[in-house]
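Asker: This is data24.pdb, which holds PDB, C-alpha atoms:
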ATOM      1  CA  MET I  29     124.555 132.930  98.953
ATOM      2  CA  ALA I  30     123.917 135.480 101.705
ATOM      3  CA  THR I  31     124.227 135.141 105.447
ATOM      4  CA  GLU I  32     122.252 132.580 107.420
ATOM      5  CA  TYR I  33     120.295 134.980 109.578
ATOM      6  CA  GLN I  34     119.682 137.841 107.202
ATOM      7  CA  ASP I  35     115.994 138.088 108.109
ATOM      8  CA  HIS I  36     114.972 135.886 110.984
ATOM      9  CA  THR I  37     111.302 136.871 110.848
ATOM     10  CA  HIS I  38     111.179 135.857 107.226
ATOM     11  CA  CYS I  39     112.909 132.566 108.130
ATOM     12  CA  LEU I  40     110.175 131.734 110.615
ATOM     13  CA  GLU I  41     107.431 132.594 108.144
ATOM     14  CA  MET I  42     108.995 130.323 105.540
ATOM     15  CA  PHE I  43     109.732 127.638 108.075
ATOM     16  CA  GLN I  44     106.060 127.222 108.935
ATOM     17  CA  LYS I  45     105.182 126.523 105.316
ATOM     18  CA  LEU I  46     107.914 124.096 104.333
ATOM     19  CA  SER I  47     105.786 120.963 104.501
ATOM     20  CA  GLU I  48     103.049 122.534 102.416
ATOM     21  CA  TYR I  49     105.740 123.617  99.965
ATOM     22  CA  ILE I  50     107.106 120.075  99.733
ATOM     23  CA  ASP I  51     103.577 118.738  99.227
ATOM     24  CA  GLY I  52     102.797 121.226  96.467
ATOM     25  CA  GLU I  53      99.965 122.734  98.475
ATOM     26  CA  LEU I  54     100.997 126.387  98.179
ATOM     27  CA  ASP I  55     100.249 128.973  95.530
ATOM     28  CA  HIS I  56     102.906 129.960  92.994
ATOM     29  CA  VAL I  57     103.700 133.268  94.643
ATOM     30  CA  THR I  58     104.404 131.688  98.031
ATOM     31  CA  CYS I  59     106.437 128.937  96.385
ATOM     32  CA  ALA I  60     108.562 131.531  94.596
ATOM     33  CA  GLU I  61     109.086 133.395  97.882
ATOM     34  CA  ILE I  62     110.261 130.239  99.603
ATOM     35  CA  GLU I  63     112.583 129.324  96.759
ATOM     36  CA  GLN I  64     114.064 132.793  96.684
ATOM     37  CA  HIS I  65     114.510 132.820 100.442
ATOM     38  CA  ALA I  66     116.076 129.352 100.483
ATOM     39  CA  GLU I  67     118.562 130.454  97.833
ATOM     40  CA  ASN I  68     119.787 133.152 100.150
ATOM     41  CA  CYS I  69     119.518 131.489 103.538
ATOM     42  CA  VAL I  70     121.678 128.484 104.321
ATOM     43  CA  ALA I  71     119.755 127.603 107.482
ATOM     44  CA  CYS I  72     116.409 127.467 105.679
ATOM     45  CA  PHE I  73     117.908 125.730 102.663
ATOM     46  CA  SER I  74     119.362 123.069 104.923
ATOM     47  CA  CYS I  75     116.073 122.745 106.785
ATOM     48  CA  LEU I  76     114.186 122.339 103.524
ATOM     49  CA  GLN I  77     116.593 119.744 102.170
ATOM     50  CA  THR I  78     116.605 117.654 105.343
ATOM     51  CA  LEU I  79     112.837 117.860 105.607
ATOM     52  CA  LYS I  80     112.458 116.761 101.985
ATOM     53  CA  ARG I  81     114.789 113.868 102.674
ATOM     54  CA  THR I  82     112.828 112.885 105.790
ATOM     55  CA  VAL I  83     109.639 112.744 103.752
ATOM     56  CA  ALA I  84     111.362 110.673 101.065
ATOM     57  CA  ILE I  85     112.680 108.242 103.685
ATOM     58  CA  CYS I  86     109.182 107.849 105.139
ATOM     59  CA  LYS I  87     107.640 107.304 101.716
ATOM     60  CA  ASN I  88     110.193 104.651 100.866
ATOM     61  CA  ALA I  89     110.372 102.956 104.257
ATOM     62  CA  ARG I  90     110.747  99.189 104.240
ATOM     63  CA  GLN I  91     107.719  97.021 104.784
ATOM     64  CA  LYS I  92     107.871  94.005 107.042
ATOM     65  CA  PRO I  93     106.244  90.833 105.750
ATOM     66  CA  VAL I  94     103.006  89.682 107.330
ATOM     67  CA  PRO I  95     103.666  86.892 109.846
ATOM     68  CA  ARG I  96     102.587  83.577 108.366
ATOM     69  CA  GLU I  97     100.498  82.818 111.444
ATOM     70  CA  LEU I  98      98.514  86.016 110.972
ATOM     71  CA  SER I  99      97.797  85.257 107.329
ATOM     72  CA  GLN I 100      96.750  81.759 108.275
ATOM     73  CA  ARG I 101      94.550  82.988 111.100
ATOM     74  CA  LEU I 102      92.843  85.498 108.817
ATOM     75  CA  LYS I 103      92.286  82.777 106.245
ATOM     76  CA  GLU I 104      90.653  80.540 108.827
ATOM     77  CA  ILE I 105      88.487  83.356 110.122
ATOM     78  CA  ILE I 106      87.273  84.125 106.612
ATOM     79  CA  GLN I 107      86.451  80.487 105.976
ATOM     80  CA  ASN I 108      84.192  80.561 109.010
ATOM     81  CA  LEU I 109      82.523  83.857 108.235
ATOM     82  CA  PRO I 110      78.730  83.873 108.017
ATOM     83  CA  GLU I 111      77.033  84.237 104.622
ATOM     84  CA  THR I 112      75.541  87.629 105.348
ATOM     85  CA  THR I 113      77.340  90.507 106.964
ATOM     86  CA  SER I 114      74.581  92.655 108.384
ATOM     87  CA  PRO I 115      70.896  92.370 109.179
TER
ATOM     88  CA  MET F   4      66.823  92.827  96.481
ATOM     89  CA  THR F   5      70.475  92.787  97.355
ATOM     90  CA  LYS F   6      71.301  94.785  94.232
ATOM     91  CA  ALA F   7      68.945  97.571  95.245
ATOM     92  CA  LYS F   8      71.001  98.104  98.394
ATOM     93  CA  ASN F   9      74.225  98.596  96.417
ATOM     94  CA  PRO F  10      74.192 101.988  94.733
ATOM     95  CA  THR F  11      76.316 102.455  91.637
ATOM     96  CA  PRO F  12      79.414 104.521  92.374
ATOM     97  CA  ARG F  13      79.092 107.920  90.717
ATOM     98  CA  LYS F  14      81.998 110.005  91.821
ATOM     99  CA  VAL F  15      84.491 107.602  93.324
ATOM    100  CA  LYS F  16      86.413 105.143  91.198
ATOM    101  CA  ASP F  17      87.838 102.232  93.075
ATOM    102  CA  ASN F  18      89.252  98.896  91.961
ATOM    103  CA  ASP F  19      87.848  97.305  95.114
ATOM    104  CA  PHE F  20      84.199  98.058  94.366
ATOM    105  CA  ASN F  21      83.605  95.008  92.153
ATOM    106  CA  LEU F  22      85.077  92.775  94.799
ATOM    107  CA  ILE F  23      82.904  94.313  97.498
ATOM    108  CA  ARG F  24      79.786  93.872  95.372
ATOM    109  CA  ALA F  25      80.665  90.217  94.834
ATOM    110  CA  ILE F  26      81.180  89.677  98.561
ATOM    111  CA  ASN F  27      77.930  91.426  99.391
ATOM    112  CA  ALA F  28      76.167  89.332  96.759
ATOM    113  CA  GLY F  29      77.166  86.198  98.640
ATOM    114  CA  GLN F  30      80.660  85.302  97.422
ATOM    115  CA  VAL F  31      82.054  85.544 100.911
ATOM    116  CA  ASP F  32      85.240  83.662 100.004
ATOM    117  CA  LYS F  33      86.261  86.676  97.921
ATOM    118  CA  PHE F  34      86.795  88.551 101.161
ATOM    119  CA  HIS F  35      90.106  86.735 101.264
ATOM    120  CA  ASP F  36      91.149  88.616  98.085
ATOM    121  CA  LEU F  37      90.379  91.873  99.826
ATOM    122  CA  VAL F  38      92.436  90.787 102.828
ATOM    123  CA  LYS F  39      95.367  89.783 100.612
ATOM    124  CA  ARG F  40      95.320  93.198  98.944
ATOM    125  CA  TYR F  41      95.710  95.087 102.172
ATOM    126  CA  GLU F  42      97.083  92.822 104.885
ATOM    127  CA  GLN F  43     100.728  93.784 104.461
ATOM    128  CA  LYS F  44     100.111  97.522 104.317
ATOM    129  CA  LEU F  45      97.718  97.297 107.217
ATOM    130  CA  TYR F  46     100.093  95.137 109.241
ATOM    131  CA  ASN F  47     102.927  97.642 108.815
ATOM    132  CA  PHE F  48     100.602 100.526 109.623
ATOM    133  CA  SER F  49      99.527  98.734 112.789
ATOM    134  CA  LEU F  50     103.074  97.759 113.673
ATOM    135  CA  ARG F  51     104.153 101.375 113.544
ATOM    136  CA  ASN F  52     101.302 102.219 115.840
ATOM    137  CA  CYS F  53     102.048  99.904 118.718
ATOM    138  CA  ARG F  54     105.026  98.366 120.407
ATOM    139  CA  ASP F  55     103.993  94.769 120.429
ATOM    140  CA  PRO F  56     103.771  92.827 117.124
ATOM    141  CA  ARG F  57     100.971  90.765 118.679
ATOM    142  CA  ASP F  58      98.988  93.946 119.241
ATOM    143  CA  ALA F  59      99.586  94.834 115.595
ATOM    144  CA  GLU F  60      98.220  91.450 114.577
ATOM    145  CA  ASP F  61      95.170  92.033 116.745
ATOM    146  CA  ILE F  62      94.607  95.421 115.117
ATOM    147  CA  VAL F  63      94.742  93.839 111.655
ATOM    148  CA  GLN F  64      92.407  91.050 112.667
ATOM    149  CA  ASP F  65      89.917  93.372 114.382
ATOM    150  CA  THR F  66      89.996  95.738 111.425
ATOM    151  CA  PHE F  67      89.131  93.042 108.907
ATOM    152  CA  LEU F  68      86.447  91.576 111.156
ATOM    153  CA  ASN F  69      84.839  94.988 111.600
ATOM    154  CA  VAL F  70      85.071  95.682 107.899
ATOM    155  CA  PHE F  71      83.395  92.380 107.112
ATOM    156  CA  ARG F  72      80.712  92.997 109.686
ATOM    157  CA  TYR F  73      79.747  96.332 108.150
ATOM    158  CA  LEU F  74      80.571  95.675 104.507
ATOM    159  CA  LYS F  75      76.896  95.514 103.552
ATOM    160  CA  ASP F  76      76.555  99.084 104.785
ATOM    161  CA  PHE F  77      79.437 100.341 102.635
ATOM    162  CA  ARG F  78      78.005 103.162 100.502
ATOM    163  CA  TYR F  79      80.622 103.390  97.748
ATOM    164  CA  GLU F  80      81.009 107.074  98.497
ATOM    165  CA  THR F  81      84.657 106.802  99.412
ATOM    166  CA  LYS F  82      87.465 104.506  98.376
ATOM    167  CA  PHE F  83      87.408 101.228 100.237
ATOM    168  CA  LYS F  84      91.009 101.763 101.338
ATOM    169  CA  ASN F  85      90.046 105.021 103.046
ATOM    170  CA  TRP F  86      87.257 103.295 104.926
ATOM    171  CA  LEU F  87      89.554 100.423 105.858
ATOM    172  CA  TYR F  88      92.090 102.801 107.364
ATOM    173  CA  LYS F  89      89.370 104.741 109.147
ATOM    174  CA  VAL F  90      88.368 101.515 110.860
ATOM    175  CA  ALA F  91      92.004 100.638 111.597
ATOM    176  CA  ALA F  92      92.794 104.117 112.914
ATOM    177  CA  SER F  93      89.835 104.061 115.282
ATOM    178  CA  ILE F  94      90.952 100.668 116.613
ATOM    179  CA  CYS F  95      94.479 102.044 117.123
ATOM    180  CA  ILE F  96      93.132 105.073 118.964
ATOM    181  CA  LYS F  97      90.997 102.849 121.164
ATOM    182  CA  GLN F  98      93.988 100.666 121.928
ATOM    183  CA  TRP F  99      96.191 103.642 122.846
ATOM    184  CA  ARG F 100      93.551 104.952 125.197
ATOM    185  CA  GLN F 101      93.611 101.632 126.991
ATOM    186  CA  SER F 102      97.409 101.545 127.201
ATOM    187  CA  ARG F 103      99.802 103.631 129.254
ATOM    188  CA  PHE F 104     102.617 103.788 126.745
ATOM    189  CA  THR F 105     102.487 107.050 124.850
ATOM    190  CA  PRO F 106     102.227 110.344 126.693
ATOM    191  CA  GLU F 107      99.863 112.696 124.913
ATOM    192  CA  LYS F 108     101.839 115.881 124.452
ATOM    193  CA  GLU F 109     102.212 118.772 122.061
ATOM    194  CA  LEU F 110     105.188 119.370 119.790
ATOM    195  CA  PRO F 111     105.691 123.154 119.820
ATOM    196  CA  LEU F 112     106.881 124.498 116.482
ATOM    197  CA  GLU F 113     109.512 126.659 118.212
ATOM    198  CA  ASP F 114     111.350 123.496 119.212
ATOM    199  CA  PHE F 115     112.197 122.890 115.589
ATOM    200  CA  TYR F 116     113.210 126.323 114.333
ATOM    201  CA  PRO F 117     116.193 126.170 111.983
ATOM    202  CA  GLY F 118     119.659 126.945 113.259
ATOM    203  CA  ASP F 119     121.089 125.837 116.565
ATOM    204  CA  GLY F 120     120.467 129.128 118.314
ATOM    205  CA  THR F 121     124.181 129.832 118.659
ATOM    206  CA  GLY F 122     124.653 131.509 115.331
ATOM    207  CA  SER F 123     127.139 128.857 114.261
ATOM    208  CA  PRO F 124     127.240 128.054 110.550
ATOM    209  CA  VAL F 125     124.550 125.726 109.254
ATOM    210  CA  ARG F 126     125.397 123.327 106.449
ATOM    211  CA  VAL F 127     123.334 120.930 104.435
ATOM    212  CA  PRO F 128     124.184 117.553 105.961
ATOM    213  CA  GLU F 129     125.472 114.787 103.745
ATOM    214  CA  TRP F 130     122.467 112.511 104.344
ATOM    215  CA  ALA F 131     120.209 115.086 102.735
ATOM    216  CA  SER F 132     121.996 114.876  99.404
ATOM    217  CA  MET F 133     123.074 111.233  99.208
ATOM    218  CA  PRO F 134     121.169 108.931  96.838
ATOM    219  CA  LEU F 135     118.142 107.604  98.681
ATOM    220  CA  ASP F 136     118.883 103.943  97.998
ATOM    221  CA  GLN F 137     122.214 104.342  99.777
ATOM    222  CA  LEU F 138     120.415 105.447 102.893
ATOM    223  CA  LEU F 139     117.620 102.918 103.070
ATOM    224  CA  ASN F 140     118.732  99.929 105.077
ATOM    225  CA  GLU F 141     117.526  97.798 107.965
ATOM    226  CA  GLU F 142     119.172  99.995 110.602
ATOM    227  CA  LEU F 143     117.616 103.169 109.229
ATOM    228  CA  SER F 144     114.277 101.410 109.039
ATOM    229  CA  GLU F 145     114.542 100.494 112.716
ATOM    230  CA  THR F 146     115.613 104.033 113.645
ATOM    231  CA  LEU F 147     112.676 105.439 111.725
ATOM    232  CA  ASN F 148     110.214 103.057 113.328
ATOM    233  CA  GLN F 149     111.500 103.901 116.788
ATOM    234  CA  ALA F 150     111.263 107.604 116.019
ATOM    235  CA  ILE F 151     107.692 107.168 114.804
ATOM    236  CA  MET F 152     106.872 105.215 117.929
ATOM    237  CA  SER F 153     108.174 108.047 120.099
ATOM    238  CA  LEU F 154     105.858 110.534 118.416
ATOM    239  CA  PRO F 155     102.778 111.505 120.408
ATOM    240  CA  GLU F 156      99.742 109.637 119.131
ATOM    241  CA  LYS F 157      97.995 112.583 117.478
ATOM    242  CA  TYR F 158     101.021 113.309 115.312
ATOM    243  CA  ARG F 159     101.897 109.700 114.622
ATOM    244  CA  LEU F 160      98.658 108.782 112.918
ATOM    245  CA  VAL F 161      98.843 111.804 110.669
ATOM    246  CA  ILE F 162     102.360 111.138 109.424
ATOM    247  CA  LEU F 163     101.643 107.439 108.970
ATOM    248  CA  LEU F 164      98.606 108.148 106.832
ATOM    249  CA  ARG F 165     100.168 110.987 104.859
ATOM    250  CA  ASP F 166     103.758 109.928 104.308
ATOM    251  CA  MET F 167     103.782 106.184 104.785
ATOM    252  CA  GLU F 168     100.373 105.235 103.410
ATOM    253  CA  GLY F 169     100.117 107.931 100.764
ATOM    254  CA  PHE F 170      96.775 109.475 101.646
ATOM    255  CA  SER F 171      96.204 113.108 100.676
ATOM    256  CA  THR F 172      95.653 115.843 103.231
ATOM    257  CA  THR F 173      91.903 115.765 102.549
ATOM    258  CA  GLU F 174      91.712 111.983 102.817
ATOM    259  CA  THR F 175      93.715 111.991 106.046
ATOM    260  CA  ALA F 176      91.409 114.654 107.453
ATOM    261  CA  GLN F 177      88.387 112.524 106.586
ATOM    262  CA  ILE F 178      89.905 109.355 108.024
ATOM    263  CA  LEU F 179      90.763 111.048 111.317
ATOM    264  CA  ASN F 180      87.792 113.421 111.474
ATOM    265  CA  LEU F 181      90.084 116.438 111.542
ATOM    266  CA  SER F 182      90.194 119.640 109.531
ATOM    267  CA  SER F 183      92.717 119.801 106.685
ATOM    268  CA  ALA F 184      94.411 122.702 108.458
ATOM    269  CA  ASN F 185      94.844 120.562 111.545
ATOM    270  CA  VAL F 186      96.314 117.716 109.490
ATOM    271  CA  LYS F 187      98.825 120.113 107.933
ATOM    272  CA  VAL F 188      99.909 121.495 111.303
ATOM    273  CA  ARG F 189     100.352 118.022 112.804
ATOM    274  CA  LEU F 190     102.121 116.698 109.732
ATOM    275  CA  HIS F 191     104.655 119.519 109.663
ATOM    276  CA  ARG F 192     105.543 119.050 113.330
ATOM    277  CA  ALA F 193     105.702 115.279 112.995
ATOM    278  CA  ARG F 194     108.051 115.591 110.029
ATOM    279  CA  LEU F 195     110.258 118.037 111.893
ATOM    280  CA  PHE F 196     110.340 115.691 114.857
ATOM    281  CA  LEU F 197     111.405 112.775 112.648
ATOM    282  CA  ARG F 198     113.907 114.974 110.849
ATOM    283  CA  ASP F 199     115.587 115.771 114.168
ATOM    284  CA  LYS F 200     115.703 112.071 115.047
ATOM    285  CA  LEU F 201     117.242 111.200 111.680
ATOM    286  CA  LYS F 202     119.686 114.078 112.074
ATOM    287  CA  GLY F 203     120.733 112.618 115.421
ATOM    288  CA  TYR F 204     121.109 109.195 113.857
ATOM    289  CA  TYR F 205     123.348 110.412 111.051
ATOM    290  CA  GLU F 206     125.324 112.960 113.001
ATOM    291  CA  ASN F 207     125.733 111.231 116.342
ATOM    292  CA  GLY F 208     125.199 107.637 115.397
ATOM    293  CA  HIS F 209     121.997 107.333 117.441
TER
END
Would you write the structure of this file as structure tokens?
Answerer:
Amino acid sequence: MATEYQDHTHCLEMFQKLSEYIDGELDHVTCAEIEQHAENCVACFSCLQTLKRTVAICKNARQKPVPRELSQRLKEIIQNLPETTSP
Amino acid sequence: MTKAKNPTPRKVKDNDFNLIRAINAGQVDKFHDLVKRYEQKLYNFSLRNCRDPRDAEDIVQDTFLNVFRYLKDFRYETKFKNWLYKVAASICIKQWRQSRFTPEKELPLEDFYPGDGTGSPVRVPEWASMPLDQLLNEELSETLNQAIMSLPEKYRLVILLRDMEGFSTTETAQILNLSSANVKVRLHRARLFLRDKLKGYYENGH
């Protein structure tokens, strides 16, 4: 693995595209460039890994249960809804 | 007569369509099934959008009431879930505009550039390589929610829809009336913002 700041301009170019890379929204050529750069740049590799992990944490975040009172209130509201919904 | 107003879906496939048709045909009690399908997701979405759980409850309630009110006008051109979140997002935006909590500010990309600016060695932190299930706990969940809450509104909605609710870039753009390019820019900055918060949590304990 090469030095961290071998090509700072390239780092910034890659850095701007990391989310699109994670989301699979880039073309193959750009993906290959990012992968090659990340292999040789610890700073960008670390950035990519931590960003990927952040996304994974968000996607797997815990859900809080719906308060029972809210469910009950919604149920009551629905029971009292009119037959038709618009004119 | 009612049937003539409900066009057959051509492009969009959605498990909710049959339920919506039944409700619009007069089986109003089936609206409860629709509520049950989405209340938890919508409650958590709302909760991450405001500080007060009671406000989150109000958002959920207002969303479902609005959806019911306009359900007859639903055109089956988009998934019901997308429409539901469009309604919810607009209620959230309206609520923020009435509150004084979140300052509307930009997150400049330069603030997140890799490296610490000192040239000191950068390593991949341990939390980035640990098994995910070892990381996910109540404390992390709270840290994440607080970090999301501290995001400026325009970034928060995007990351909630994209990463927490699973909408695509295009869907998120449609829900928020933004361009896809704008969604991508906001999402990247929001993720970097959260990444820094998580980094602080793991490295400094807060």
Asker: So the first atom is atom CA of Ile85 of chain I and the second is atom CA of Asn185 of chain F; what is the distance between them in Å, to one decimal place?
Answerer: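 Between these atoms lies a distance of 23.1 Å.
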Asker: Once the PyMOL selection byres ((chain F and resi 87-92) around 10) is applied to the coordinates I shared, what remains selected? I want it as a PDB file with C-alpha atoms, keeping the file's coordinate frame.
Answerer:
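That gives us out_5.pdb:
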ATOM      1  CA  TYR F  41      95.710  95.087 102.172  1.00  0.00           C
ATOM      2  CA  LEU F  45      97.718  97.297 107.217  1.00  0.00           C
ATOM      3  CA  PHE F  48     100.602 100.526 109.623  1.00  0.00           C
ATOM      4  CA  SER F  49      99.527  98.734 112.789  1.00  0.00           C
ATOM      5  CA  ASN F  52     101.302 102.219 115.840  1.00  0.00           C
ATOM      6  CA  ILE F  62      94.607  95.421 115.117  1.00  0.00           C
ATOM      7  CA  VAL F  63      94.742  93.839 111.655  1.00  0.00           C
ATOM      8  CA  GLN F  64      92.407  91.050 112.667  1.00  0.00           C
ATOM      9  CA  ASP F  65      89.917  93.372 114.382  1.00  0.00           C
ATOM     10  CA  THR F  66      89.996  95.738 111.425  1.00  0.00           C
ATOM     11  CA  PHE F  67      89.131  93.042 108.907  1.00  0.00           C
ATOM     12  CA  ASN F  69      84.839  94.988 111.600  1.00  0.00           C
ATOM     13  CA  VAL F  70      85.071  95.682 107.899  1.00  0.00           C
ATOM     14  CA  LYS F  82      87.465 104.506  98.376  1.00  0.00           C
ATOM     15  CA  PHE F  83      87.408 101.228 100.237  1.00  0.00           C
ATOM     16  CA  LYS F  84      91.009 101.763 101.338  1.00  0.00           C
ATOM     17  CA  ASN F  85      90.046 105.021 103.046  1.00  0.00           C
ATOM     18  CA  TRP F  86      87.257 103.295 104.926  1.00  0.00           C
ATOM     19  CA  SER F  93      89.835 104.061 115.282  1.00  0.00           C
ATOM     20  CA  ILE F  94      90.952 100.668 116.613  1.00  0.00           C
ATOM     21  CA  CYS F  95      94.479 102.044 117.123  1.00  0.00           C
ATOM     22  CA  ILE F  96      93.132 105.073 118.964  1.00  0.00           C
ATOM     23  CA  LYS F  97      90.997 102.849 121.164  1.00  0.00           C
ATOM     24  CA  GLN F  98      93.988 100.666 121.928  1.00  0.00           C
ATOM     25  CA  LEU F 160      98.658 108.782 112.918  1.00  0.00           C
ATOM     26  CA  LEU F 164      98.606 108.148 106.832  1.00  0.00           C
ATOM     27  CA  GLU F 168     100.373 105.235 103.410  1.00  0.00           C
ATOM     28  CA  PHE F 170      96.775 109.475 101.646  1.00  0.00           C
ATOM     29  CA  GLU F 174      91.712 111.983 102.817  1.00  0.00           C
ATOM     30  CA  THR F 175      93.715 111.991 106.046  1.00  0.00           C
ATOM     31  CA  GLN F 177      88.387 112.524 106.586  1.00  0.00           C
ATOM     32  CA  ILE F 178      89.905 109.355 108.024  1.00  0.00           C
ATOM     33  CA  LEU F 179      90.763 111.048 111.317  1.00  0.00           C
ATOM     34  CA  ASN F 180      87.792 113.421 111.474  1.00  0.00           C
TER      35      ASN F 180
END
Asker: Name every residue that the ChimeraX specification (/I :<6) & /F selects in this structure, writing the answer as a list in words with chains first and numbers rising.
Answerer: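 With the shown file as input, the ChimeraX specification (/I :<6) & /F matches Gln43, Arg72, Pro117, Gly118, Val125, Val127, Ala131, Asp166, Met167, His191 and Arg198 of chain F.
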Asker: If we count all atoms listed in the file and set the cut-off at 10 Å, which residues sit around Ile26 of chain F, ignoring sequence neighbours fewer than 4 positions away in its own chain? Please answer as a PyMOL selection string.
Answerer: (chain I and resi 111-113) or (chain F and resi 20-22+30-35+37+71+74-75)
Asker: Give me, please, the distance in Å between atom CA of Leu154 of chain F and atom CA of Leu190 of chain F, quoted to one decimal.
Answerer: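 These two atoms are separated by 11.3 Å.
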Asker: Find the distance between atom CA of Glu206 of chain F and atom CA of Phe115 of chain F and write it in Å to one decimal.
Answerer: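 According to the coordinates, atom CA of Glu206 of chain F and atom CA of Phe115 of chain F are separated by 16.7 Å.
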Asker: Here's the selection I'm unsure about, the PyMOL selection byres ((chain F and resi 51) around 9); applied to the file above, which residues does it give, as a list in words?
Answerer: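 Applied to this file, the PyMOL selection byres ((chain F and resi 51) around 9) returns Tyr46, Asn47, Phe48, Ser49, Leu50, Asn52, Cys53, Arg54, Ala59, Asn148, Gln149, Ile151, Met152, Arg159 and Leu163 of chain F.
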Asker: Would you output that residue set with C-alpha atoms, as a PDB file, in the frame of the given file?
Answerer:
ATOM      1  CA  TYR F  46     100.093  95.137 109.241  1.00  0.00           C
ATOM      2  CA  ASN F  47     102.927  97.642 108.815  1.00  0.00           C
ATOM      3  CA  PHE F  48     100.602 100.526 109.623  1.00  0.00           C
ATOM      4  CA  SER F  49      99.527  98.734 112.789  1.00  0.00           C
ATOM      5  CA  LEU F  50     103.074  97.759 113.673  1.00  0.00           C
ATOM      6  CA  ASN F  52     101.302 102.219 115.840  1.00  0.00           C
ATOM      7  CA  CYS F  53     102.048  99.904 118.718  1.00  0.00           C
ATOM      8  CA  ARG F  54     105.026  98.366 120.407  1.00  0.00           C
ATOM      9  CA  ALA F  59      99.586  94.834 115.595  1.00  0.00           C
ATOM     10  CA  ASN F 148     110.214 103.057 113.328  1.00  0.00           C
ATOM     11  CA  GLN F 149     111.500 103.901 116.788  1.00  0.00           C
ATOM     12  CA  ILE F 151     107.692 107.168 114.804  1.00  0.00           C
ATOM     13  CA  MET F 152     106.872 105.215 117.929  1.00  0.00           C
ATOM     14  CA  ARG F 159     101.897 109.700 114.622  1.00  0.00           C
ATOM     15  CA  LEU F 163     101.643 107.439 108.970  1.00  0.00           C
TER      16      LEU F 163
END
Asker: Residues within 10 Å of Glu61 of chain I, please, as a PDB file with C-alpha atoms, keeping the file's coordinate frame. Count only C-alpha atoms; anything in the same chain fewer than 6 positions from it doesn't count.
Answerer:
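This went into part-v9.pdb:
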ATOM      1  CA  HIS I  38     111.179 135.857 107.226  1.00  0.00           C
ATOM      2  CA  MET I  42     108.995 130.323 105.540  1.00  0.00           C
ATOM      3  CA  GLU I  67     118.562 130.454  97.833  1.00  0.00           C
TER       4      GLU I  67
END
Asker: Starting from the incomplete input, reconstruct all heavy atoms of segment 181-185 of chain F and write that as a short mmCIF file (atom, residue, chain, number, x, y, z; two decimals), in the frame of the given file.
Answerer:
data_model
loop_
_atom_site.label_atom_id
_atom_site.label_comp_id
_atom_site.auth_asym_id
_atom_site.auth_seq_id
_atom_site.Cartn_x
_atom_site.Cartn_y
_atom_site.Cartn_z
N LEU F 181 89.40 115.19 111.20
CA LEU F 181 90.08 116.44 111.54
C LEU F 181 89.88 117.42 110.39
O LEU F 181 89.49 117.01 109.30
CB LEU F 181 91.60 116.20 111.71
CG LEU F 181 92.08 115.28 112.82
CD1 LEU F 181 93.56 115.00 112.66
CD2 LEU F 181 91.81 115.90 114.19
N SER F 182 90.21 118.69 110.65
CA SER F 182 90.19 119.64 109.53
C SER F 182 91.50 119.47 108.75
O SER F 182 92.50 118.99 109.29
CB SER F 182 90.10 121.07 110.07
OG SER F 182 91.28 121.39 110.78
N SER F 183 91.49 119.88 107.49
CA SER F 183 92.72 119.80 106.68
C SER F 183 93.82 120.66 107.29
O SER F 183 94.99 120.29 107.28
CB SER F 183 92.44 120.26 105.25
OG SER F 183 91.64 119.32 104.59
N ALA F 184 93.43 121.81 107.84
CA ALA F 184 94.41 122.70 108.46
C ALA F 184 95.09 122.01 109.64
O ALA F 184 96.32 122.10 109.81
CB ALA F 184 93.73 123.98 108.92
N ASN F 185 94.30 121.29 110.40
CA ASN F 185 94.84 120.56 111.54
C ASN F 185 95.80 119.45 111.10
O ASN F 185 96.86 119.24 111.70
CB ASN F 185 93.67 119.96 112.34
CG ASN F 185 94.02 119.75 113.79
OD1 ASN F 185 95.17 119.52 114.11
ND2 ASN F 185 93.01 119.80 114.65
#
